[in-house]
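Scroll down for the structure; my scribbles are underneath it.
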Amino acid sequence: MKGKEKSRRPKAVAAERELIAGIRRRADQLLMGRRKSGILTLGIGDDCAVLRPRRAKEIVVTTDLSLENVHFRRDWHPPQSVGHRCLARGLSDLAAMGARPEAAFLSLALPSALTGVWMDAFFDGFMALAKRYRVPLAGGDMAKSTTVVADIVLLGSVPRGKALLRSQARAGDLIYVTGALGGSAAELRALERKPKDFVGKDKLRHPHLYPEPRLAAGRKLTRLATAAIDLSDGLSTDLAHLCQESGLTAEIDADALPVDASATLEQALHGGEDYELLFTASAKTVVPDQLGGVSVHAIGRMKKPGKGPQVQLHHRGKRSALAAGGWEHFR
Ligand SMILES: [Mg+2]
């Protein structure tokens with residue numbers, strides 16, 4: 001955390017230093033024991049972080065913006081959830097590549113009034129998830145802003161040549177998803193109707209407020225899958241991305257979809273932000289029904305491109321084109 005110190009009154013600069021020192025203390029606690037296993041050799045405190053990649057590994061990088069009133073609303077989402085989701089989105093991208101998280105960089109802009117209790121709670125959510133997956137916060141920046149902007153950069157490592165790509169699916173591969181779908185969209189609808197019901201709720205089973213990145217499953221997939229993507233925009237949209245990149249089409253079976261108990265089929269097909277993994281594997285590959293502690297379901301098959309739609313849905317004996325209809329926030 002550097003913090004911009006140009007043309008500021010000394011008092012404001014001192015206050016900002018104090019804020020950054022607080023974040024650094026939390027980040028340092030998180031680093032305990034990490035230096036031995038990870039590639040990060042220097043975290044917060046200098047002009048740059050220092051990483052020492054291993055020779056047999058490749059580094060993957062992902063970046064995500066979390067914007068107030070676009071990705072979350074302060075009257076709906078508790079600050080812990082905003083911090084958790086900001087990191088979870090990036091970790092989910094690493095999971096989709098089969099990567100192990102190595103370092104996080106967070107740039108945070110927010111109104112002065114939020115630098116106390118709100119920001120503390122934001123870091124409670126952020127750090128709890130970072131600790132669980134042993135991701136050191138290795139740097140970032142802070143600034144004042146009229147709304148909250150959290151910009152996260154995540155670095156991960158994968159064995160050389162083993163990163164899971166969207167582009168390597170083959171015709172005849174089976175399509176799988178982890179976990180259940182639509183729960184995030186269903187919880188968001190409930191949150192929209194009665195935000196007060198969610199105040200102070202624990203973190204058990206909140207697919208929207210506290211999604212779980214599927215890192216353990218992703219790493220196991222490097223040995224099983226031909227292609228993978230995480231479900232951030234919704235099954236219909238993300239499967240279309242995978243088809244596009246692999247130059248193939250797909251058919252899926254509505255009855256095979258693991259629809260979350262709280263969700264509709266529509267939410268499972270188009271609701272975003274489930275952060276489950278969608279992957280393909282050869283029909284000959286034995287894919288277990290649990291991976292990294294999460295269930296796995298076969299939902300369809302990849303096909304050569306033909307006259308039909310990019311993604312075809314089988315539902316109640318009928319076939320129809322499944323148009324990409326990903327989640328749009330707060331229309
Ligand atoms: Mg992604």
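Labels used: A, B, ... for chains in the order of the structure tokens, numbers from 1 for residues in each chain, and numbers from 1 for ligands as shown.
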Contacts with ligand 1 at most 12 Å, only C-alpha atoms and all ligand atoms counted, listed as a PyMOL selection string
chain A and resi 61-64+88-98+164-166+213-214+228-235+237-239+241-242+272-278
Please list as a PyMOL selection string every residue within 8 Å of Val149 in chain A, counting only C-alpha atoms and excluding residues in the same chain fewer than 5 positions away.
chain A and resi 65-68+108-110
Spatial neighbours of range 71-80 of chain A, max dist 9 Å, only C-alpha atoms, sep filter under 2 positions, as number ranges by chain:
A: 65-69, 82-85, 118-126, 148, 191-192, 194-196, 198-200, 209-210, 329-330
Kindly export the residues of the current selection with N, CA, C and O atoms, as a compact mmCIF listing (two decimals), in the first residue's frame.
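This is the output file result-v7.txt:
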# COMPACT_ATOMS: atom_id res chain seq x y z
N LEU A 65 -12.69 -5.57 -11.18
CA LEU A 65 -13.18 -4.36 -10.51
C LEU A 65 -14.46 -4.68 -9.75
O LEU A 65 -15.33 -5.36 -10.28
N SER A 66 -14.57 -4.20 -8.52
CA SER A 66 -15.84 -4.26 -7.79
C SER A 66 -16.31 -2.83 -7.57
O SER A 66 -15.68 -2.07 -6.83
N LEU A 67 -17.40 -2.46 -8.23
CA LEU A 67 -17.89 -1.08 -8.18
C LEU A 67 -19.20 -0.99 -7.42
O LEU A 67 -20.13 -1.77 -7.68
N GLU A 68 -19.27 -0.03 -6.51
CA GLU A 68 -20.52 0.23 -5.79
C GLU A 68 -21.61 0.59 -6.81
O GLU A 68 -21.37 1.32 -7.75
N ASN A 69 -22.80 0.05 -6.59
CA ASN A 69 -23.99 0.26 -7.44
C ASN A 69 -23.90 -0.45 -8.79
O ASN A 69 -24.82 -0.33 -9.60
N VAL A 82 -18.78 -7.52 0.76
CA VAL A 82 -18.11 -6.79 -0.34
C VAL A 82 -16.64 -7.18 -0.39
O VAL A 82 -16.08 -7.46 -1.46
N GLY A 83 -15.99 -7.28 0.78
CA GLY A 83 -14.58 -7.69 0.84
C GLY A 83 -14.40 -9.14 0.40
O GLY A 83 -13.49 -9.45 -0.38
N HIS A 84 -15.28 -10.01 0.86
CA HIS A 84 -15.22 -11.42 0.49
C HIS A 84 -15.40 -11.59 -1.02
O HIS A 84 -14.62 -12.27 -1.69
N ARG A 85 -16.43 -10.95 -1.57
CA ARG A 85 -16.75 -11.13 -2.99
C ARG A 85 -15.67 -10.55 -3.90
O ARG A 85 -15.38 -11.11 -4.96
N TRP A 118 -16.72 0.73 8.36
CA TRP A 118 -17.05 0.04 7.11
C TRP A 118 -15.80 -0.64 6.53
O TRP A 118 -15.83 -1.81 6.17
N MET A 119 -14.70 0.12 6.47
CA MET A 119 -13.49 -0.44 5.87
C MET A 119 -12.92 -1.61 6.71
O MET A 119 -12.44 -2.60 6.16
N ASP A 120 -13.01 -1.47 8.04
CA ASP A 120 -12.56 -2.56 8.92
C ASP A 120 -13.32 -3.84 8.61
O ASP A 120 -12.74 -4.93 8.51
N ALA A 121 -14.64 -3.69 8.47
CA ALA A 121 -15.49 -4.86 8.21
C ALA A 121 -15.22 -5.41 6.80
O ALA A 121 -15.24 -6.63 6.59
N PHE A 122 -14.94 -4.52 5.84
CA PHE A 122 -14.56 -4.95 4.49
C PHE A 122 -13.33 -5.87 4.59
O PHE A 122 -13.29 -6.96 4.01
N PHE A 123 -12.32 -5.42 5.37
CA PHE A 123 -11.10 -6.24 5.49
C PHE A 123 -11.34 -7.50 6.32
O PHE A 123 -10.66 -8.51 6.09
N ASP A 124 -12.30 -7.48 7.25
CA ASP A 124 -12.65 -8.72 7.96
C ASP A 124 -13.06 -9.79 6.95
O ASP A 124 -12.60 -10.92 7.00
N GLY A 125 -13.95 -9.40 6.03
CA GLY A 125 -14.42 -10.35 5.02
C GLY A 125 -13.31 -10.77 4.07
O GLY A 125 -13.15 -11.94 3.75
N PHE A 126 -12.54 -9.79 3.63
CA PHE A 126 -11.44 -10.03 2.68
C PHE A 126 -10.39 -10.96 3.30
O PHE A 126 -9.99 -11.97 2.71
N VAL A 148 -17.50 3.52 -3.53
CA VAL A 148 -16.47 2.51 -3.27
C VAL A 148 -16.04 1.84 -4.58
O VAL A 148 -16.87 1.41 -5.37
N LEU A 191 -32.52 -10.70 -1.45
CA LEU A 191 -31.82 -9.56 -0.85
C LEU A 191 -32.47 -8.26 -1.31
O LEU A 191 -32.67 -7.33 -0.54
N GLU A 192 -32.83 -8.23 -2.59
CA GLU A 192 -33.45 -7.06 -3.18
C GLU A 192 -34.81 -6.79 -2.54
O GLU A 192 -35.17 -5.66 -2.27
N LYS A 194 -35.95 -7.95 0.54
CA LYS A 194 -35.91 -7.66 1.99
C LYS A 194 -34.48 -7.58 2.48
O LYS A 194 -34.01 -8.48 3.18
N PRO A 195 -33.78 -6.48 2.14
CA PRO A 195 -32.37 -6.39 2.55
C PRO A 195 -32.18 -6.50 4.07
O PRO A 195 -31.17 -7.01 4.53
N LYS A 196 -33.18 -6.06 4.84
CA LYS A 196 -33.05 -6.08 6.31
C LYS A 196 -32.92 -7.50 6.86
O LYS A 196 -32.32 -7.72 7.90
N PHE A 198 -31.12 -9.71 5.91
CA PHE A 198 -29.76 -10.23 5.74
C PHE A 198 -28.75 -9.59 6.68
O PHE A 198 -27.61 -9.97 6.71
N VAL A 199 -29.19 -8.59 7.46
CA VAL A 199 -28.26 -7.89 8.34
C VAL A 199 -27.79 -8.85 9.44
O VAL A 199 -28.59 -9.50 10.10
N GLY A 200 -26.47 -8.92 9.60
CA GLY A 200 -25.89 -9.73 10.67
C GLY A 200 -26.04 -11.22 10.50
O GLY A 200 -25.78 -11.99 11.43
N LEU A 209 -23.88 -13.71 -1.18
CA LEU A 209 -23.08 -12.83 -0.32
C LEU A 209 -21.67 -13.39 -0.08
O LEU A 209 -20.72 -12.64 0.04
N TYR A 210 -21.58 -14.73 0.04
CA TYR A 210 -20.28 -15.35 0.35
C TYR A 210 -20.02 -16.56 -0.55
O TYR A 210 -19.98 -17.69 -0.06
N HIS A 329 -26.55 -6.69 -13.41
CA HIS A 329 -26.77 -6.23 -12.05
C HIS A 329 -27.65 -5.01 -12.01
O HIS A 329 -27.47 -4.08 -12.77
N PHE A 330 -28.59 -5.00 -11.10
CA PHE A 330 -29.32 -3.78 -10.70
C PHE A 330 -29.79 -2.95 -11.90
O PHE A 330 -29.55 -1.77 -11.98
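Across the model, the gap from CA of Phe279 in chain A to CA of Pro53 in chain A is 27.3 Å.
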DSSP says strand (DSSP E or B) for which residues of range 9-166 of chain A? Put them as an MDAnalysis selection string?
chainID A and resid 40:42 44 46 50:51 57:68 72 100:110 137:144 149:159
Could you make a table, as a Markdown table, of the residues of range 73-189 of chain A that have an atom within 9 Å of an atom of range 15-33 of chain A, each with its nearest atom pair and distance in Å to one decimal, counting only C-alpha atoms, in chain and number order?
| residue | atom | partner | partner_atom | distance |
| --- | --- | --- | --- | --- |
| A:Thr115 | CA | A:Leu19 | CA | 7.8 |
| A:Gly116 | CA | A:Leu19 | CA | 8.8 |
| A:Asp120 | CA | A:Ile23 | CA | 8.9 |
| A:Phe123 | CA | A:Ile23 | CA | 8.0 |
| A:Met127 | CA | A:Leu30 | CA | 7.7 |
| A:Ala130 | CA | A:Leu30 | CA | 7.8 |
| A:Lys131 | CA | A:Leu30 | CA | 6.2 |
| A:Arg134 | CA | A:Leu30 | CA | 7.5 |
| A:Val135 | CA | A:Leu30 | CA | 7.9 |
| A:Pro136 | CA | A:Leu31 | CA | 5.6 |
| A:Leu137 | CA | A:Ala27 | CA | 5.6 |
| A:Ala138 | CA | A:Ala27 | CA | 7.5 |
| A:Gly139 | CA | A:Arg24 | CA | 8.8 |
| A:Asp141 | CA | A:Ile20 | CA | 8.9 |
| A:Met142 | CA | A:Ile20 | CA | 8.1 |
Spatial neighbours of Leu181 in chain A, 8 Å, only C-alpha atoms, chain gap at least 2 places, as a list in words
Gly179, Gly183, Ser184, Leu257, Pro258, Val259, Asp260, Ala263, Gln267, Ala268, Leu269, Asp274 and Glu276 of chain A
Since we have the selection now, will you write its residues out, keeping N, CA and C atoms, as a PDB file, in the first residue's frame?
ATOM      1  N   GLY A 179     -20.780 -28.144  -7.958  1.00  0.00           N
ATOM      2  CA  GLY A 179     -21.752 -27.534  -7.041  1.00  0.00           C
ATOM      3  C   GLY A 179     -23.152 -27.434  -7.598  1.00  0.00           C
ATOM      4  N   GLY A 183     -28.191 -20.419  -7.192  1.00  0.00           N
ATOM      5  CA  GLY A 183     -28.353 -19.998  -5.802  1.00  0.00           C
ATOM      6  C   GLY A 183     -28.007 -18.528  -5.588  1.00  0.00           C
ATOM      7  N   SER A 184     -26.998 -18.055  -6.307  1.00  0.00           N
ATOM      8  CA  SER A 184     -26.594 -16.661  -6.145  1.00  0.00           C
ATOM      9  C   SER A 184     -27.687 -15.718  -6.651  1.00  0.00           C
ATOM     10  N   LEU A 257     -29.146 -30.651 -14.880  1.00  0.00           N
ATOM     11  CA  LEU A 257     -28.545 -29.494 -14.198  1.00  0.00           C
ATOM     12  C   LEU A 257     -28.736 -29.577 -12.689  1.00  0.00           C
ATOM     13  N   PRO A 258     -27.673 -29.367 -11.926  1.00  0.00           N
ATOM     14  CA  PRO A 258     -27.827 -29.307 -10.470  1.00  0.00           C
ATOM     15  C   PRO A 258     -28.370 -27.941 -10.048  1.00  0.00           C
ATOM     16  N   VAL A 259     -29.713 -27.794 -10.102  1.00  0.00           N
ATOM     17  CA  VAL A 259     -30.337 -26.507  -9.757  1.00  0.00           C
ATOM     18  C   VAL A 259     -30.342 -26.365  -8.232  1.00  0.00           C
ATOM     19  N   ASP A 260     -29.860 -25.236  -7.739  1.00  0.00           N
ATOM     20  CA  ASP A 260     -29.861 -24.990  -6.292  1.00  0.00           C
ATOM     21  C   ASP A 260     -31.289 -25.090  -5.751  1.00  0.00           C
ATOM     22  N   ALA A 263     -33.426 -22.097  -6.100  1.00  0.00           N
ATOM     23  CA  ALA A 263     -33.435 -21.402  -7.394  1.00  0.00           C
ATOM     24  C   ALA A 263     -34.389 -22.033  -8.408  1.00  0.00           C
ATOM     25  N   GLN A 267     -32.923 -19.290 -13.322  1.00  0.00           N
ATOM     26  CA  GLN A 267     -31.790 -18.731 -12.557  1.00  0.00           C
ATOM     27  C   GLN A 267     -30.556 -19.608 -12.697  1.00  0.00           C
ATOM     28  N   ALA A 268     -30.746 -20.928 -12.767  1.00  0.00           N
ATOM     29  CA  ALA A 268     -29.604 -21.835 -12.934  1.00  0.00           C
ATOM     30  C   ALA A 268     -28.977 -21.678 -14.320  1.00  0.00           C
ATOM     31  N   LEU A 269     -29.809 -21.390 -15.325  1.00  0.00           N
ATOM     32  CA  LEU A 269     -29.298 -21.251 -16.697  1.00  0.00           C
ATOM     33  C   LEU A 269     -28.652 -19.892 -16.941  1.00  0.00           C
ATOM     34  N   ASP A 274     -22.400 -17.542  -9.631  1.00  0.00           N
ATOM     35  CA  ASP A 274     -22.348 -18.764  -8.818  1.00  0.00           C
ATOM     36  C   ASP A 274     -20.902 -19.155  -8.511  1.00  0.00           C
ATOM     37  N   GLU A 276     -19.115 -21.343  -9.683  1.00  0.00           N
ATOM     38  CA  GLU A 276     -18.802 -22.764  -9.835  1.00  0.00           C
ATOM     39  C   GLU A 276     -17.912 -22.900 -11.072  1.00  0.00           C
TER      40      GLU A 276
END
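When only C-alpha atoms are used to compute distances to Met302 in chain A, the closest of the residues A:Ser320, A:Gln290, A:Thr249, A:Thr41 turns out to be A:Thr249.
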One number please: CA of Leu224 in chain A to CA of Gln312 in chain A, in Å, one decimal.
24.5 Å
Across A:Ala143, A:Val296, A:Val158, A:Cys243, the smallest distance to Leu114 in chain A, with only C-alpha atoms counted, is shown by A:Ala143
